[in-house]
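Undergrad: Just so it is clear, I am handing over query.cif, which has mmCIF, C-alpha atoms.
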data_structure
#
loop_
_atom_site.label_atom_id
_atom_site.label_comp_id
_atom_site.auth_asym_id
_atom_site.auth_seq_id
_atom_site.Cartn_x
_atom_site.Cartn_y
_atom_site.Cartn_z
CA MET A 1 139.34 104.84 116.17
CA ALA A 2 139.90 108.08 114.18
CA ALA A 3 141.37 111.00 116.15
CA LEU A 4 138.90 113.75 117.11
CA ALA A 5 139.86 117.41 117.26
CA PHE A 6 138.29 119.70 119.86
CA GLU A 7 136.43 121.66 117.18
CA ASP A 8 134.77 118.50 116.01
CA ILE A 9 132.73 118.38 119.21
CA ALA A 10 132.14 122.10 119.64
CA PRO A 11 128.55 123.21 120.31
CA GLY A 12 126.41 123.70 117.24
CA LYS A 13 128.24 121.11 115.16
CA ALA A 14 126.95 117.73 114.18
CA GLU A 15 128.14 114.73 116.19
CA PRO A 16 131.28 113.14 114.75
CA GLN A 17 130.98 110.03 112.68
CA ILE A 18 132.21 106.82 114.30
CA ASP A 19 134.30 104.37 112.34
CA GLU A 20 132.25 101.85 110.45
CA ASP A 21 133.95 98.98 112.23
CA LEU A 22 132.77 100.23 115.63
CA GLU A 23 129.39 101.22 114.26
CA ASN A 24 128.75 97.73 112.99
CA LEU A 25 130.17 96.05 116.08
CA GLN A 26 127.66 93.74 117.71
CA LEU A 27 128.11 92.03 121.03
CA GLU A 28 127.85 88.28 120.67
CA ASP A 29 127.33 85.70 123.36
CA PRO A 30 130.61 84.05 124.34
CA GLU A 31 131.15 80.50 123.20
CA PRO A 32 130.34 77.92 125.86
CA ALA A 33 133.37 76.57 127.66
CA PRO A 34 134.42 73.01 126.74
CA PRO A 35 133.91 70.25 129.33
CA TRP A 36 137.61 70.27 130.24
CA ALA A 37 137.72 73.98 131.11
CA CYS A 38 139.07 74.74 134.59
CA SER A 39 136.20 74.74 137.07
CA TYR A 40 137.73 77.73 138.84
CA CYS A 41 138.85 80.12 136.08
CA GLY A 42 137.69 78.60 132.78
CA LEU A 43 141.13 78.02 131.22
CA ALA A 44 140.62 75.39 128.51
CA ASP A 45 144.06 74.60 127.10
CA PRO A 46 144.27 70.74 127.13
CA ALA A 47 147.98 70.89 127.94
CA CYS A 48 147.35 73.06 131.02
CA VAL A 49 144.49 71.14 132.66
CA ALA A 50 143.98 67.79 134.37
CA LYS A 51 140.93 66.02 135.77
CA CYS A 52 140.21 65.11 139.36
CA VAL A 53 139.04 61.53 138.94
CA ASP A 54 137.03 61.56 142.17
CA THR A 55 134.85 64.53 141.19
CA GLY A 56 135.16 64.48 137.40
CA LYS A 57 136.03 68.20 137.39
CA TRP A 58 138.92 69.76 135.46
CA PHE A 59 141.42 72.23 136.89
CA CYS A 60 144.42 74.07 135.51
CA ASN A 61 148.01 74.36 136.67
CA TRP A 62 147.76 78.15 137.03
CA SER A 63 147.74 79.85 140.42
CA GLY A 64 145.79 82.96 139.44
CA GLY A 65 147.46 85.05 142.14
CA ILE A 66 147.00 82.64 145.06
CA SER A 67 149.34 80.12 146.65
CA GLY A 68 149.28 76.92 144.64
CA SER A 69 147.75 76.04 141.29
CA HIS A 70 144.01 75.59 140.92
CA LEU A 71 144.49 71.85 140.49
CA VAL A 72 146.46 71.49 143.72
CA GLN A 73 144.05 73.80 145.56
CA HIS A 74 141.12 71.54 144.67
CA LEU A 75 142.94 68.33 145.55
CA VAL A 76 144.02 69.63 148.94
CA ARG A 77 140.71 71.20 149.93
CA GLY A 78 138.66 68.22 148.77
CA LYS A 79 141.15 65.60 150.02
CA HIS A 80 141.31 64.03 146.57
CA ARG A 81 144.39 62.25 145.28
CA THR A 82 143.76 60.81 141.79
CA VAL A 83 144.46 62.82 138.63
CA SER A 84 143.97 62.07 134.94
CA LEU A 85 145.50 64.02 132.05
CA HIS A 86 143.63 65.25 128.98
CA LYS A 87 143.65 63.08 125.87
CA ASP A 88 145.11 65.96 123.83
CA SER A 89 147.88 66.70 126.32
CA PRO A 90 151.48 65.83 125.42
CA LEU A 91 151.27 62.62 127.49
CA GLY A 92 147.75 61.66 126.38
CA ASP A 93 144.79 60.41 128.39
CA THR A 94 146.35 58.64 131.35
CA VAL A 95 145.80 58.33 135.09
CA LEU A 96 148.90 59.14 137.09
CA GLU A 97 149.89 56.09 139.11
CA CYS A 98 152.95 54.28 140.43
CA TYR A 99 154.45 51.92 137.86
CA ASN A 100 155.26 49.32 140.52
CA CYS A 101 152.30 49.20 142.92
CA GLY A 102 149.57 51.18 141.16
CA CYS A 103 149.29 53.83 143.90
CA ARG A 104 147.36 56.83 142.59
CA ASN A 105 148.08 59.35 145.32
CA VAL A 106 149.75 62.11 143.31
CA PHE A 107 151.14 63.65 146.50
CA VAL A 108 153.47 60.69 147.05
CA ILE A 109 154.21 59.90 143.38
CA GLY A 110 157.40 61.10 141.75
CA PHE A 111 159.53 60.19 138.77
CA VAL A 112 162.95 58.71 138.14
CA PRO A 113 164.83 58.74 134.85
CA ALA A 114 165.74 55.48 133.17
CA LYS A 115 169.49 55.24 132.65
CA ALA A 116 169.37 53.53 129.28
CA ASP A 117 166.39 55.21 127.59
CA SER A 118 165.32 58.83 127.48
CA VAL A 119 162.15 58.12 129.47
CA VAL A 120 160.97 58.62 133.02
CA VAL A 121 159.19 56.17 135.30
CA LEU A 122 156.52 57.17 137.81
CA LEU A 123 157.11 55.61 141.23
CA CYS A 124 155.63 56.36 144.63
CA ARG A 125 157.84 57.27 147.55
CA GLY A 126 157.01 54.03 149.36
CA CYS A 127 158.26 51.84 146.51
CA VAL A 128 161.45 53.85 146.08
CA GLU A 129 162.28 53.56 149.77
CA GLY A 130 160.88 50.14 150.61
CA VAL A 131 161.12 47.82 147.59
CA PRO A 132 164.68 46.48 147.31
CA SER A 133 163.99 44.69 144.02
CA LEU A 134 163.68 48.03 142.23
CA LYS A 135 167.37 48.66 142.79
CA SER A 136 168.16 45.97 140.23
CA MET A 137 166.24 47.89 137.57
CA ASP A 138 168.07 50.29 135.30
CA TRP A 139 166.53 53.31 137.03
CA ALA A 140 168.25 56.17 138.84
CA LEU A 141 166.30 55.83 142.09
CA ASP A 142 168.52 58.32 143.89
CA GLU A 143 167.28 61.01 141.48
CA TRP A 144 163.62 60.58 142.44
CA LEU A 145 161.66 63.84 142.47
CA PRO A 146 157.98 64.48 143.33
CA LEU A 147 155.45 65.40 140.64
CA ILE A 148 154.33 68.43 142.68
CA ALA A 149 156.77 71.19 143.53
CA ASP A 150 156.02 74.65 144.87
CA ARG A 151 152.32 73.66 145.04
CA ARG A 152 152.20 73.10 141.29
CA PHE A 153 152.51 70.10 139.04
CA LEU A 154 155.76 69.94 137.14
CA PRO A 155 155.37 71.87 133.85
CA TRP A 156 156.44 68.94 131.66
CA LEU A 157 153.51 67.02 133.09
CA VAL A 158 150.82 69.74 133.22
CA ARG A 159 151.94 72.93 131.50
CA GLU A 160 151.62 76.33 133.13
CA PRO A 161 149.78 78.79 130.84
CA GLU A 162 151.50 81.80 129.29
CA GLU A 163 150.54 85.23 130.54
CA ARG A 164 148.81 86.08 127.26
CA ASP A 165 146.57 83.02 127.71
CA THR A 166 145.30 84.24 131.08
CA MET A 167 144.80 87.97 130.45
CA HIS A 168 141.10 87.48 129.65
CA LEU A 169 140.43 85.26 132.67
CA ARG A 170 139.04 86.30 136.05
CA PRO A 171 140.57 83.91 138.60
CA PRO A 172 138.70 83.43 141.88
CA THR A 173 140.12 84.53 145.20
CA ALA A 174 141.09 82.06 147.90
CA SER A 175 137.88 82.92 149.77
CA GLN A 176 135.75 82.24 146.69
CA ILE A 177 137.49 78.92 146.15
CA ARG A 178 136.82 77.87 149.72
CA ARG A 179 133.14 78.82 149.46
CA LEU A 180 132.79 77.11 146.09
CA GLU A 181 134.26 73.87 147.44
CA ASP A 182 131.76 73.99 150.31
CA LEU A 183 128.93 74.65 147.86
CA TRP A 184 129.93 71.67 145.71
CA ALA A 185 129.21 69.39 148.66
CA LYS A 186 125.54 70.43 148.37
CA LYS A 187 125.37 71.27 144.66
CA PRO A 188 128.08 69.51 142.58
CA ASP A 189 127.18 71.40 139.38
CA ALA A 190 127.51 74.85 140.94
CA ASP A 191 129.90 77.49 139.63
CA LEU A 192 131.16 80.88 140.77
CA ASN A 193 127.94 82.54 139.66
CA ASP A 194 126.04 80.44 142.19
CA LEU A 195 128.01 81.82 145.13
CA ASP A 196 125.90 84.99 145.25
CA LEU A 197 122.71 82.95 145.06
CA ASP A 198 123.90 80.79 147.95
CA GLU A 199 124.68 83.90 149.99
CA GLU A 200 121.20 85.26 149.31
CA GLY A 201 119.72 82.05 150.67
CA GLN A 202 121.64 82.55 153.92
CA ALA A 203 121.25 86.31 154.14
CA ASP A 204 118.20 86.06 156.38
CA VAL A 205 120.12 84.17 159.07
CA GLU A 206 120.52 86.51 162.02
CA PRO A 207 123.90 86.52 163.80
CA VAL A 208 124.16 85.55 167.45
CA ARG A 209 123.83 88.24 170.10
CA LEU A 210 125.18 88.83 173.55
CA ALA A 211 121.68 89.27 174.93
CA TYR A 212 118.21 88.25 173.78
CA ASP A 213 114.77 89.71 174.39
CA ASP A 214 113.23 86.44 175.52
CA GLY A 215 113.30 82.70 174.94
CA TYR A 216 111.47 82.95 171.63
CA HIS A 217 114.01 85.44 170.32
CA TYR A 218 116.84 83.11 171.37
CA GLN A 219 115.20 80.17 169.59
CA ASN A 220 114.54 82.14 166.41
CA VAL A 221 118.20 83.16 166.20
CA LEU A 222 119.84 79.87 167.13
CA ALA A 223 117.57 77.41 165.30
CA PRO A 224 118.56 78.48 161.74
CA LEU A 225 122.24 78.39 162.69
CA VAL A 226 121.93 74.90 164.17
CA LYS A 227 120.18 73.73 161.00
CA LEU A 228 122.94 75.16 158.79
CA GLU A 229 125.57 73.38 160.86
CA ALA A 230 123.61 70.11 160.76
CA ASP A 231 123.20 70.36 156.97
CA HIS A 232 126.93 71.00 156.61
CA ASP A 233 127.84 68.00 158.79
CA LYS A 234 125.40 65.82 156.87
CA ALA A 235 126.95 66.87 153.56
CA GLN A 236 130.44 66.15 154.90
CA VAL A 237 129.44 62.66 156.00
CA ALA A 238 127.70 61.95 152.70
CA GLN A 239 130.80 63.06 150.81
CA LYS A 240 132.90 60.52 152.69
CA SER A 241 130.41 57.64 152.49
CA LYS A 242 131.44 54.60 150.45
CA GLU A 243 128.85 52.28 148.99
CA ASP A 244 128.70 48.58 148.02
CA VAL A 245 131.06 47.40 150.74
CA SER A 246 131.30 43.70 151.62
CA VAL A 247 131.33 42.93 155.34
CA ARG A 248 132.39 39.79 157.19
CA TRP A 249 130.79 39.38 160.61
CA GLU A 250 132.63 38.09 163.65
CA ARG A 251 132.04 37.84 167.41
CA GLY A 252 134.41 39.54 169.81
CA LEU A 253 135.48 38.33 173.23
CA SER A 254 132.78 40.51 174.73
CA LYS A 255 130.20 38.77 172.49
CA LYS A 256 129.68 42.00 170.56
CA HIS A 257 129.28 41.95 166.77
CA ILE A 258 132.35 42.97 164.78
CA ALA A 259 132.12 44.06 161.13
CA VAL A 260 135.28 43.37 159.15
CA PHE A 261 135.95 44.95 155.75
CA ARG A 262 138.94 46.02 153.67
CA ILE A 263 139.83 49.52 152.53
CA ASP A 264 142.89 49.06 150.31
CA ASP A 265 142.25 46.01 148.10
CA ARG A 266 141.26 47.51 144.74
CA SER A 267 140.46 44.07 143.31
CA SER A 268 138.04 43.30 146.12
CA ALA A 269 134.34 44.12 146.08
CA SER A 270 134.77 45.46 149.60
CA TYR A 271 137.30 48.10 148.57
CA VAL A 272 136.23 51.31 150.30
CA GLY A 273 138.60 53.53 148.32
CA MET A 274 139.68 55.88 151.05
CA SER A 275 142.43 58.37 150.34
CA ASP A 276 145.79 58.25 152.08
CA GLU A 277 144.65 60.97 154.51
CA GLN A 278 141.64 58.85 155.35
CA HIS A 279 143.88 55.82 155.78
CA LYS A 280 145.12 57.36 159.02
CA LEU A 281 142.64 55.34 161.04
CA GLN A 282 143.38 54.64 164.66
CA VAL A 283 141.94 52.22 167.16
CA GLY A 284 139.05 53.99 168.86
CA ASP A 285 137.91 56.03 165.84
CA GLU A 286 134.17 55.92 165.23
CA MET A 287 132.60 54.94 161.91
CA GLY A 288 129.07 54.35 160.71
CA LEU A 289 127.72 51.29 158.91
CA ARG A 290 124.32 50.90 157.23
CA LEU A 291 122.55 48.79 154.65
CA ASN A 292 122.22 50.09 151.12
CA SER A 293 119.05 49.71 149.07
CA GLY A 294 119.92 46.12 148.09
CA GLY A 295 120.57 45.14 151.69
CA ILE A 296 117.33 46.74 152.82
CA ARG A 297 115.43 44.62 150.30
CA GLN A 298 117.14 41.46 151.61
CA ARG A 299 116.44 42.29 155.27
CA GLY A 300 113.03 43.82 154.72
CA LYS A 301 113.80 47.00 156.69
CA LYS A 302 116.46 49.62 157.24
CA TRP A 303 119.45 49.02 159.50
CA GLU A 304 122.25 51.31 160.58
CA ALA A 305 124.66 51.43 163.47
CA THR A 306 127.83 53.07 164.69
CA GLY A 307 130.90 51.47 166.15
CA LYS A 308 134.52 51.96 167.05
CA VAL A 309 137.59 50.63 165.31
CA VAL A 310 139.11 47.84 167.40
CA ARG A 311 141.63 46.64 164.83
CA TYR A 312 143.24 48.10 161.71
CA THR A 313 145.94 45.98 160.09
CA GLU A 314 147.06 45.78 156.46
CA GLY A 315 144.05 47.65 155.17
CA GLU A 316 141.49 45.55 157.05
CA VAL A 317 139.21 47.34 159.51
CA ALA A 318 137.44 45.61 162.40
CA LEU A 319 134.53 47.72 163.63
CA GLU A 320 132.85 46.80 166.93
CA ILE A 321 129.15 47.52 166.44
CA ARG A 322 126.91 48.99 169.10
CA GLY A 323 123.72 46.96 169.04
CA ASP A 324 122.52 44.17 166.74
CA CYS A 325 123.54 43.35 163.20
CA PRO A 326 121.97 41.80 160.05
CA THR A 327 124.05 38.63 160.48
CA THR A 328 122.75 36.86 157.37
CA ILE A 329 123.76 39.62 154.94
CA GLU A 330 127.42 39.44 153.95
CA GLU A 331 127.41 40.52 150.31
CA ALA A 332 128.37 43.98 149.02
CA SER A 333 125.28 45.53 150.58
CA TYR A 334 126.67 48.06 153.04
CA ILE A 335 127.56 51.75 153.13
CA VAL A 336 130.50 52.85 155.28
CA ASP A 337 130.38 56.36 156.72
CA CYS A 338 134.02 57.29 157.12
CA PRO A 339 134.95 59.57 160.04
CA THR A 340 135.21 63.21 159.01
CA THR A 341 137.99 64.03 161.46
CA ILE A 342 140.73 61.86 159.97
#
Can you give me the file's structure in the form of structure tokens?

TA:
Amino acid sequence: MAALAFEDIAPGKAEPQIDEDLENLQLEDPEPAPPWACSYCGLADPACVAKCVDTGKWFCNWSGGISGSHLVQHLVRGKHRTVSLHKDSPLGDTVLECYNCGCRNVFVIGFVPAKADSVVVLLCRGCVEGVPSLKSMDWALDEWLPLIADRRFLPWLVREPEERDTMHLRPPTASQIRRLEDLWAKKPDADLNDLDLDEEGQADVEPVRLAYDDGYHYQNVLAPLVKLEADHDKAQVAQKSKEDVSVRWERGLSKKHIAVFRIDDRSSASYVGMSDEQHKLQVGDEMGLRLNSGGIRQRGKKWEATGKVVRYTEGEVALEIRGDCPTTIEEASYIVDCPTTI
């Protein structure tokens, strides 16, 4: 812009002329973000983002002023474990998994260099420590390092953006990220702009008080809060429900029905696909089991029940059902409601 002297704006004089470039400047709508833009901050460099396979959302390897990159933040908060790189990234479109066993939990996957070639091999911690046959391979197993360090993916895998690439971005705060993750459970397509709308929908909820005028006042205050909590619990259960599960029915010593299904056999139709955190099942944990739409058509009516885990060995869960069971239906017609506390 041209410099303006004080006399140029003195009273009685005409307004100064503005440069033609600024005079002709028109505000244009910003270009829409590509599908692979970070769902938190909008960063769209293919080398800096990766996709959460479970949700289909993309996140970058930039922290934006909080602890941990946006990608790691999402994986931890959502208890997701599977990551895919962008097709235009240096390593191409690939899902990160263990070369030996196919494990896709990025929090236990690391890499080892091959001694002969200038390549690295992705291996999970379990294979490195518990598979003796790998020692005969030409790999430096003692140099194994995890893919995630300092709450970020290693930069040769998912690049960290340069400062100049992030100057125009407005990263969310940790509180906004937490609220957005909660909102995604109800509205998967929501973004940061929807947070204010969600707050407006809950603005009329009155906080609890130490004393109430009467029973009606107590009910009017508590009922909306109870409904919000119930909706949240329902969304959490739905998020951890797994469909099309095959069940084998047995009878226990107490003559109760026992539903048996697998949770770690990826080749099986009964694979539930639980993450490693969810694999921490213990005897006594409660789970839900119900018929899906196909099973309801076979049985002619709905059926659902809860039960407790009485056996969990080598990925196979035995769930003792409370009540009856649709004993003639053993195909992949069930939905498993995984416990939310594990």

Undergrad: Between A:Cys127, A:Leu289, A:Val106, A:Ile296, which residue has the minimum interatomic distance to Cys338 in chain A, considering all atoms listed in the file?

TA: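 Among A:Cys127, A:Leu289, A:Val106, A:Ile296, it is A:Leu289 that comes nearest to Cys338 in chain A.
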
Undergrad: Have a look at CA of Ser293 in chain A and CA of Asp337 in chain A and let me know their distance in Å, one decimal.

TA: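 Going from CA of Ser293 in chain A over to CA of Asp337 in chain A, I get 15.2 Å.
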
Undergrad: Mind telling me what the PyMOL selection byres ((chain A and resi 179) around 12) catches here, as a list of chain:residue names?

TA: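 Answer for the PyMOL selection byres ((chain A and resi 179) around 12): A:Tyr40, A:His74, A:Arg77, A:Gly78, A:Pro172, A:Thr173, A:Ala174, A:Ser175, A:Gln176, A:Ile177, A:Arg178, A:Leu180, A:Glu181, A:Asp182, A:Leu183, A:Trp184, A:Ala185, A:Lys186, A:Lys187, A:Ala190, A:Asp191, A:Leu192, A:Asn193, A:Asp194, A:Leu195, A:Asp196, A:Asp198, A:Glu199.
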
Undergrad: Evaluate the PyMOL selection byres ((chain A and resi 48-59) around 9) and record the selected residues as a tab-separated table (two decimals) with C-alpha atoms, in the frame of the given file, following the chain and residue labels used in the document.

TA:
chain	number	residue	atom	x	y	z
A	35	PRO	CA	133.91	70.25	129.33
A	36	TRP	CA	137.61	70.27	130.24
A	37	ALA	CA	137.72	73.98	131.11
A	38	CYS	CA	139.07	74.74	134.59
A	39	SER	CA	136.20	74.74	137.07
A	40	TYR	CA	137.73	77.73	138.84
A	41	CYS	CA	138.85	80.12	136.08
A	42	GLY	CA	137.69	78.60	132.78
A	43	LEU	CA	141.13	78.02	131.22
A	44	ALA	CA	140.62	75.39	128.51
A	45	ASP	CA	144.06	74.60	127.10
A	46	PRO	CA	144.27	70.74	127.13
A	47	ALA	CA	147.98	70.89	127.94
A	60	CYS	CA	144.42	74.07	135.51
A	61	ASN	CA	148.01	74.36	136.67
A	62	TRP	CA	147.76	78.15	137.03
A	69	SER	CA	147.75	76.04	141.29
A	70	HIS	CA	144.01	75.59	140.92
A	71	LEU	CA	144.49	71.85	140.49
A	72	VAL	CA	146.46	71.49	143.72
A	74	HIS	CA	141.12	71.54	144.67
A	75	LEU	CA	142.94	68.33	145.55
A	80	HIS	CA	141.31	64.03	146.57
A	81	ARG	CA	144.39	62.25	145.28
A	82	THR	CA	143.76	60.81	141.79
A	83	VAL	CA	144.46	62.82	138.63
A	84	SER	CA	143.97	62.07	134.94
A	85	LEU	CA	145.50	64.02	132.05
A	86	HIS	CA	143.63	65.25	128.98
A	89	SER	CA	147.88	66.70	126.32
A	95	VAL	CA	145.80	58.33	135.09
A	155	PRO	CA	155.37	71.87	133.85
A	157	LEU	CA	153.51	67.02	133.09
A	158	VAL	CA	150.82	69.74	133.22
A	159	ARG	CA	151.94	72.93	131.50
A	160	GLU	CA	151.62	76.33	133.13
A	161	PRO	CA	149.78	78.79	130.84
A	188	PRO	CA	128.08	69.51	142.58

Undergrad: Contacts of Ser254 in chain A at 12 Å or less, counting all atoms listed in the file, minus same-chain residues fewer than 3 places along, as a PDB file with C-alpha atoms, in the frame of the given file?

TA:
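Result went into selection-v7.pdb, see below:
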ATOM      1  CA  GLU A 250     132.630  38.090 163.650  1.00  0.00           C
ATOM      2  CA  ARG A 251     132.040  37.840 167.410  1.00  0.00           C
ATOM      3  CA  HIS A 257     129.280  41.950 166.770  1.00  0.00           C
ATOM      4  CA  ILE A 258     132.350  42.970 164.780  1.00  0.00           C
ATOM      5  CA  GLU A 320     132.850  46.800 166.930  1.00  0.00           C
ATOM      6  CA  ILE A 321     129.150  47.520 166.440  1.00  0.00           C
ATOM      7  CA  ARG A 322     126.910  48.990 169.100  1.00  0.00           C
TER       8      ARG A 322
END

Undergrad: Could you check how far CA of Glu316 in chain A sits from CA of Phe261 in chain A, in Å to one decimal?

TA: 5.7 Å

Undergrad: Written as a list in words, what is the full residue list that the PyMOL selection byres ((chain A and resi 98-105) around 10) yields on the file shown?

TA: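 In the shown coordinates, the PyMOL selection byres ((chain A and resi 98-105) around 10) covers His80, Arg81, Thr82, Val83, Ser84, Val95, Leu96, Glu97, Val106, Phe107, Val108, Ile109, Gly110, Phe111, Val121, Leu122, Leu123, Cys124, Arg125, Gly126, Cys127, Val128, Val131, Leu134, Arg266, Ser275, Asp276 and Glu277 of chain A.
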
Undergrad: CA of Thr306 in chain A and CA of Glu286 in chain A, how far apart in Å?

TA: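 One can read the CA of Glu286 in chain A to CA of Thr306 in chain A distance as 7.0 Å.
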